[in-house]
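Engineer: Okay, so here is input.txt, and as you'll see once you scroll down, it has compact mmCIF, C-alpha atoms.
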# COMPACT_ATOMS: atom_id res chain seq x y z
CA MET A 9 20.23 71.30 5.39
CA THR A 10 22.86 69.54 7.47
CA LYS A 11 26.16 68.22 6.19
CA ASP A 12 24.63 64.72 6.06
CA ASN A 13 21.57 65.69 3.97
CA TYR A 14 21.95 66.66 0.33
CA PRO A 15 19.59 67.35 -2.57
CA PHE A 16 19.87 64.06 -4.44
CA ASN A 17 19.74 65.46 -7.98
CA GLU A 18 22.71 67.68 -7.17
CA LEU A 19 24.69 64.79 -5.71
CA GLN A 20 23.92 62.56 -8.66
CA GLU A 21 25.01 65.12 -11.23
CA ASN A 22 28.21 65.88 -9.33
CA VAL A 23 29.18 62.22 -9.07
CA LEU A 24 28.43 61.48 -12.72
CA SER A 25 30.35 64.57 -13.79
CA GLN A 26 33.38 63.49 -11.76
CA LEU A 27 33.21 59.99 -13.21
CA ARG A 28 33.09 61.40 -16.76
CA THR A 29 36.14 63.54 -15.96
CA LEU A 30 37.92 60.41 -14.69
CA GLY A 31 37.22 58.67 -18.00
CA TYR A 32 34.61 56.14 -16.91
CA ASN A 33 33.05 54.42 -19.92
CA GLU A 34 29.44 54.92 -20.92
CA SER A 35 28.44 51.47 -19.69
CA SER A 36 29.66 52.24 -16.17
CA LEU A 37 27.96 55.63 -16.20
CA ASN A 38 24.70 53.95 -17.25
CA ASN A 39 25.00 51.49 -14.37
CA TYR A 40 25.51 54.33 -11.90
CA SER A 41 22.54 56.19 -13.42
CA ARG A 42 20.27 53.15 -13.05
CA LEU A 43 21.25 52.75 -9.42
CA TYR A 44 20.68 56.46 -8.78
CA ARG A 45 17.20 56.22 -10.34
CA ARG A 46 16.41 53.47 -7.83
CA VAL A 47 17.67 55.69 -5.02
CA GLN A 48 15.55 58.59 -6.29
CA ILE A 49 12.46 56.38 -6.35
CA HIS A 50 13.20 55.23 -2.80
CA ILE A 51 13.62 58.82 -1.63
CA THR A 52 10.32 59.81 -3.25
CA GLU A 53 8.44 56.80 -1.86
CA HIS A 54 9.61 57.64 1.64
CA GLY A 55 8.73 61.32 1.35
CA ALA A 56 12.29 62.39 2.10
CA GLU A 57 13.41 65.83 1.02
CA ALA A 58 17.08 64.97 0.69
CA TYR A 59 19.50 62.08 0.40
CA THR A 60 20.91 60.60 3.59
CA LYS A 61 23.37 57.78 4.17
CA GLU A 62 20.56 55.80 5.76
CA LEU A 63 18.34 56.02 2.68
CA GLY A 64 21.24 54.95 0.49
CA GLN A 65 21.91 52.00 2.78
CA GLU A 66 18.25 50.97 2.63
CA VAL A 67 18.42 50.80 -1.17
CA LEU A 68 21.68 48.89 -1.02
CA SER A 69 20.38 46.37 1.51
CA SER A 70 17.33 45.63 -0.66
CA THR A 71 19.46 45.02 -3.77
CA VAL A 72 20.23 41.45 -4.81
CA VAL A 73 23.26 41.37 -7.10
CA SER A 74 26.61 39.63 -7.40
CA LYS A 75 29.33 40.34 -4.85
CA SER A 76 31.36 42.48 -7.26
CA THR A 77 28.31 44.48 -8.34
CA TYR A 78 27.32 44.95 -4.70
CA SER A 79 30.80 46.32 -4.03
CA ALA A 80 30.47 48.79 -6.90
CA TYR A 81 26.98 49.81 -5.77
CA SER A 82 28.25 50.29 -2.25
CA CYS A 83 30.90 52.68 -3.57
CA ALA A 84 28.29 54.52 -5.65
CA ILE A 85 26.02 54.92 -2.62
CA ARG A 86 28.82 56.29 -0.47
Go ahead and express the file in the form of structure tokens.
Structural biologist:
Amino acid sequence: MTKDNYPFNELQENVLSQLRTLGYNESSLNNYSRLYRRVQIHITEHGAEAYTKELGQEVLSSTVVSKSTYSAYSCAIR
């Protein structure tokens, strides 16, 4: 596994844990979780073994949301 490829479940749990520690509200955590489920589905559909920036960008580019939501999703993907 290179530094640019990570097991997605591990990444997701780490990010959500950090956000909880930072005091993010449950609504925000749910939004992140929904986005991460979409990423997981995309990873599975493409037969990838790990998360990459490119896979995250593919999900982001296929997402149609408001500008502010897109900005938040972009941060979540990074």
Engineer: Can you tell me which residues surround Leu68 of chain A at a distance of at most 10 Å, considering all atoms listed in the file, apart from same-chain residues fewer than 2 positions away, and format the answer as number ranges by chain?
Structural biologist: A: 43, 46-47, 62-66, 70-73, 78-79, 81-82, 84-85
Engineer: Could you work out how far atom CA of Lys75 of chain A lies from atom CA of Thr52 of chain A, giving the answer in Å with one decimal?
Structural biologist: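 Separation between atom CA of Thr52 of chain A and atom CA of Lys75 of chain A: 27.3 Å.
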Engineer: Could you jot down the atom CA of Leu37 of chain A to atom CA of Leu24 of chain A separation for me, Å, one decimal place?
Structural biologist: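 A separation of 6.8 Å between them.
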Engineer: Do you have the atom CA of Arg45 of chain A-atom CA of Ala58 of chain A distance handy?
Structural biologist: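 So the two atoms, atom CA of Arg45 of chain A and atom CA of Ala58 of chain A, lie 14.1 Å apart.
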Engineer: Taking all atoms listed in the file into account, which of A:Leu27, A:Phe16, A:Tyr40, A:Ser74 comes nearest Ala56 of chain A?
Structural biologist: A:Phe16
Engineer: Between A:Gly31, A:Glu18, A:Lys61, A:Ile49, which one has atoms that come closest to Cys83 of chain A, using only C-alpha atoms?
Structural biologist: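 The answer is A:Lys61, which sits nearest to Cys83 of chain A.
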